[in-house]
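This is coords03.pdb (PDB, C-alpha atoms).
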ATOM      1  CA  MET A   1      -9.991  18.478   0.478  1.00  0.00           C
ATOM      2  CA  LEU A   2      -9.720  16.222   3.530  1.00  0.00           C
ATOM      3  CA  SER A   3      -9.414  17.698   6.991  1.00  0.00           C
ATOM      4  CA  ARG A   4      -6.275  17.241   9.120  1.00  0.00           C
ATOM      5  CA  PRO A   5      -7.832  14.724  11.546  1.00  0.00           C
ATOM      6  CA  ILE A   6      -8.952  12.547   8.644  1.00  0.00           C
ATOM      7  CA  LEU A   7      -5.512  12.749   7.023  1.00  0.00           C
ATOM      8  CA  ARG A   8      -3.838  11.828  10.326  1.00  0.00           C
ATOM      9  CA  ALA A   9      -6.174   8.860  10.784  1.00  0.00           C
ATOM     10  CA  LEU A  10      -5.513   7.752   7.212  1.00  0.00           C
ATOM     11  CA  ALA A  11      -1.738   8.064   7.706  1.00  0.00           C
ATOM     12  CA  LYS A  12      -1.943   5.994  10.918  1.00  0.00           C
ATOM     13  CA  ALA A  13      -3.979   3.335   9.133  1.00  0.00           C
ATOM     14  CA  VAL A  14      -1.497   3.150   6.268  1.00  0.00           C
ATOM     15  CA  ALA A  15       1.414   2.924   8.744  1.00  0.00           C
ATOM     16  CA  ALA A  16      -0.369   0.105  10.591  1.00  0.00           C
ATOM     17  CA  VAL A  17      -0.908  -1.823   7.353  1.00  0.00           C
ATOM     18  CA  ILE A  18       2.748  -1.399   6.397  1.00  0.00           C
ATOM     19  CA  ALA A  19       3.877  -2.555   9.856  1.00  0.00           C
ATOM     20  CA  TRP A  20       1.600  -5.590   9.583  1.00  0.00           C
ATOM     21  CA  LEU A  21       2.963  -6.469   6.136  1.00  0.00           C
ATOM     22  CA  ARG A  22       6.544  -6.188   7.422  1.00  0.00           C
ATOM     23  CA  ALA A  23       5.720  -8.473  10.357  1.00  0.00           C
ATOM     24  CA  VAL A  24       3.959 -11.061   8.184  1.00  0.00           C
ATOM     25  CA  SER A  25       6.754 -11.128   5.608  1.00  0.00           C
ATOM     26  CA  GLY A  26       9.546 -11.222   8.202  1.00  0.00           C
ATOM     27  CA  ASP A  27      11.020  -7.957   6.982  1.00  0.00           C
ATOM     28  CA  ASP A  28      11.062  -6.582  10.539  1.00  0.00           C
ATOM     29  CA  ALA A  29      12.975  -9.566  11.945  1.00  0.00           C
ATOM     30  CA  TYR A  30      16.183  -7.624  12.602  1.00  0.00           C
ATOM     31  CA  GLU A  31      14.352  -4.832  14.431  1.00  0.00           C
ATOM     32  CA  ARG A  32      12.528  -7.416  16.571  1.00  0.00           C
ATOM     33  CA  TYR A  33      15.866  -9.135  17.247  1.00  0.00           C
ATOM     34  CA  LEU A  34      17.430  -5.854  18.407  1.00  0.00           C
ATOM     35  CA  THR A  35      14.522  -5.208  20.768  1.00  0.00           C
ATOM     36  CA  HIS A  36      14.786  -8.717  22.198  1.00  0.00           C
ATOM     37  CA  GLN A  37      18.575  -8.491  22.466  1.00  0.00           C
ATOM     38  CA  ALA A  38      18.378  -5.218  24.402  1.00  0.00           C
ATOM     39  CA  ARG A  39      15.820  -6.625  26.855  1.00  0.00           C
ATOM     40  CA  ALA A  40      17.018 -10.170  27.430  1.00  0.00           C
ATOM     41  CA  HIS A  41      20.733 -10.403  26.712  1.00  0.00           C
ATOM     42  CA  GLU A  42      23.991  -8.744  27.580  1.00  0.00           C
ATOM     43  CA  GLY A  43      26.671  -7.905  25.082  1.00  0.00           C
ATOM     44  CA  PRO A  44      26.577  -6.365  21.658  1.00  0.00           C
ATOM     45  CA  PRO A  45      23.977  -7.539  19.140  1.00  0.00           C
ATOM     46  CA  LEU A  46      24.881  -9.047  15.799  1.00  0.00           C
ATOM     47  CA  ASP A  47      25.164  -6.680  12.868  1.00  0.00           C
ATOM     48  CA  ARG A  48      22.413  -6.909  10.245  1.00  0.00           C
ATOM     49  CA  ARG A  49      24.437  -8.976   7.761  1.00  0.00           C
ATOM     50  CA  THR A  50      25.556 -11.540  10.352  1.00  0.00           C
ATOM     51  CA  PHE A  51      22.021 -11.791  11.719  1.00  0.00           C
ATOM     52  CA  TYR A  52      20.568 -12.629   8.309  1.00  0.00           C
ATOM     53  CA  GLU A  53      23.422 -15.010   7.433  1.00  0.00           C
ATOM     54  CA  GLU A  54      22.875 -16.963  10.672  1.00  0.00           C
ATOM     55  CA  ARG A  55      19.116 -16.904  10.133  1.00  0.00           C
ATOM     56  CA  GLU A  56      19.492 -18.380   6.653  1.00  0.00           C
ATOM     57  CA  GLN A  57      21.961 -20.982   7.934  1.00  0.00           C
ATOM     58  CA  ARG A  58      19.485 -22.102  10.626  1.00  0.00           C
ATOM     59  CA  LYS A  59      16.649 -22.131   8.095  1.00  0.00           C
ATOM     60  CA  TRP A  60      18.405 -24.246   5.478  1.00  0.00           C
ATOM     61  CA  SER A  61      20.618 -26.534   7.541  1.00  0.00           C
ATOM     62  CA  GLY A  62      19.239 -29.910   8.435  1.00  0.00           C
ATOM     63  CA  VAL A  63      16.882 -32.240   6.661  1.00  0.00           C
ATOM     64  CA  SER A  64      15.223 -30.683   3.636  1.00  0.00           C
ATOM     65  CA  ARG A  65      13.096 -33.565   2.425  1.00  0.00           C
ATOM     66  CA  CYS A  66       9.715 -34.787   3.509  1.00  0.00           C
ATOM     67  CA  CYS A  67      10.485 -38.425   4.397  1.00  0.00           C
TER      68      CYS A  67
END
Conversion result in structure tokens:
Amino acid sequence: MLSRPILRALAKAVAAVIAWLRAVSGDDAYERYLTHQARAHEGPPLDRRTFYEEREQRKWSGVSRCC
């Protein structure tokens, strides 16, 4: 059986990998937005649904061809 310090270190490593995967995939975008909103802006933040709808609109509006 593994000792407590080893289990804690393993749990921290797993949590770090999960956090990295969320950051790389963009899954943590809303949490990052909330942090930024609280630091840099006044007023209420967007709700999760509105945030993702506006994000998708920005992503897919505009030119979508190569030339």
Would you compute the box with edges along x, y and z of the file around region 20-30 of chain A, including every atom the file lists for it and 5 Å extra on each side, and give its centre and edge lengths in Å to one decimal, as AutoDock Vina command-line options?
--center_x 8.9 --center_y -8.4 --center_z 9.1 --size_x 24.6 --size_y 15.6 --size_z 17.0
#### Entry: Residue with smallest distance to Glu53 (chain A) - pool A:Pro5, A:Tyr30, A:Val17, A:His41, counting all atoms listed in the file
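Looking at the shortest contact to Glu53 (chain A), the residue is A:Tyr30.
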#### Entry: Separation of CA of Thr50 (chain A) from CA of Leu34 (chain A) in Å
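Atom-to-atom, CA of Leu34 (chain A) and CA of Thr50 (chain A) are spaced 12.8 Å apart.
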### Query
How many Å separate CA of Lys59 (chain A) from CA of Ala29 (chain A)?
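Atom-to-atom, CA of Lys59 (chain A) and CA of Ala29 (chain A) are spaced 13.6 Å apart.
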## Note on the structure
Separating CA of Leu2 (chain A) from CA of Val14 (chain A), to the nearest tenth of an Å, is a gap of 15.7 Å
### Contact residues around Phe51 (chain A) with all atoms listed in the file at 12 Å, ignoring same-chain residues under 2 positions, as a PyMOL selection string
chain A and resi 29-34+37+45-49+53-58
### Task
Do a neighbour search on Asp28 (chain A) at 12 Å with all atoms listed in the file, toss out local chain neighbours closer than 5 positions, and write the hits as a PyMOL selection string.
chain A and resi 18-23+33-35+48+52
Can you take region 21-34 of chain A from the block and write N, CA, C and O atoms as an mmCIF file, in the first residue's frame?
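As a result, part.cif now contains:
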data_model
loop_
_atom_site.group_PDB
_atom_site.id
_atom_site.type_symbol
_atom_site.label_atom_id
_atom_site.label_comp_id
_atom_site.auth_asym_id
_atom_site.auth_seq_id
_atom_site.Cartn_x
_atom_site.Cartn_y
_atom_site.Cartn_z
ATOM 1 N N LEU A 21 -4.968 19.698 -19.343
ATOM 2 C CA LEU A 21 -5.846 19.250 -20.431
ATOM 3 C C LEU A 21 -7.023 20.204 -20.623
ATOM 4 O O LEU A 21 -7.406 20.511 -21.752
ATOM 5 N N ARG A 22 -7.596 20.691 -19.530
ATOM 6 C CA ARG A 22 -8.703 21.650 -19.636
ATOM 7 C C ARG A 22 -8.237 22.939 -20.287
ATOM 8 O O ARG A 22 -8.952 23.538 -21.087
ATOM 9 N N ALA A 23 -7.030 23.394 -19.951
ATOM 10 C CA ALA A 23 -6.511 24.634 -20.532
ATOM 11 C C ALA A 23 -6.220 24.457 -22.016
ATOM 12 O O ALA A 23 -6.547 25.321 -22.835
ATOM 13 N N VAL A 24 -5.624 23.343 -22.389
ATOM 14 C CA VAL A 24 -5.280 23.083 -23.788
ATOM 15 C C VAL A 24 -6.535 22.942 -24.645
ATOM 16 O O VAL A 24 -6.588 23.443 -25.765
ATOM 17 N N SER A 25 -7.558 22.298 -24.111
ATOM 18 C CA SER A 25 -8.775 22.066 -24.885
ATOM 19 C C SER A 25 -9.732 23.263 -24.878
ATOM 20 O O SER A 25 -10.686 23.296 -25.638
ATOM 21 N N GLY A 26 -9.494 24.231 -23.992
ATOM 22 C CA GLY A 26 -10.371 25.386 -23.904
ATOM 23 C C GLY A 26 -11.554 25.163 -22.986
ATOM 24 O O GLY A 26 -12.441 26.010 -22.887
ATOM 25 N N ASP A 27 -11.577 24.053 -22.293
ATOM 26 C CA ASP A 27 -12.688 23.730 -21.412
ATOM 27 C C ASP A 27 -12.765 24.670 -20.215
ATOM 28 O O ASP A 27 -13.831 24.860 -19.642
ATOM 29 N N ASP A 28 -11.652 25.300 -19.849
ATOM 30 C CA ASP A 28 -11.643 26.209 -18.709
ATOM 31 C C ASP A 28 -11.835 27.672 -19.121
ATOM 32 O O ASP A 28 -11.610 28.584 -18.330
ATOM 33 N N ALA A 29 -12.289 27.905 -20.334
ATOM 34 C CA ALA A 29 -12.408 29.267 -20.854
ATOM 35 C C ALA A 29 -13.349 30.124 -20.013
ATOM 36 O O ALA A 29 -13.060 31.291 -19.748
ATOM 37 N N TYR A 30 -14.465 29.570 -19.570
ATOM 38 C CA TYR A 30 -15.418 30.368 -18.799
ATOM 39 C C TYR A 30 -14.835 30.741 -17.438
ATOM 40 O O TYR A 30 -14.992 31.877 -16.987
ATOM 41 N N GLU A 31 -14.139 29.820 -16.800
ATOM 42 C CA GLU A 31 -13.514 30.122 -15.513
ATOM 43 C C GLU A 31 -12.442 31.207 -15.675
ATOM 44 O O GLU A 31 -12.334 32.102 -14.851
ATOM 45 N N ARG A 32 -11.663 31.117 -16.747
ATOM 46 C CA ARG A 32 -10.647 32.154 -17.010
ATOM 47 C C ARG A 32 -11.319 33.495 -17.296
ATOM 48 O O ARG A 32 -10.843 34.544 -16.848
ATOM 49 N N TYR A 33 -12.435 33.477 -18.011
ATOM 50 C CA TYR A 33 -13.188 34.696 -18.291
ATOM 51 C C TYR A 33 -13.681 35.331 -16.987
ATOM 52 O O TYR A 33 -13.582 36.538 -16.799
ATOM 53 N N LEU A 34 -14.229 34.531 -16.082
ATOM 54 C CA LEU A 34 -14.719 35.061 -14.815
ATOM 55 C C LEU A 34 -13.598 35.705 -14.005
ATOM 56 O O LEU A 34 -13.787 36.768 -13.409
#
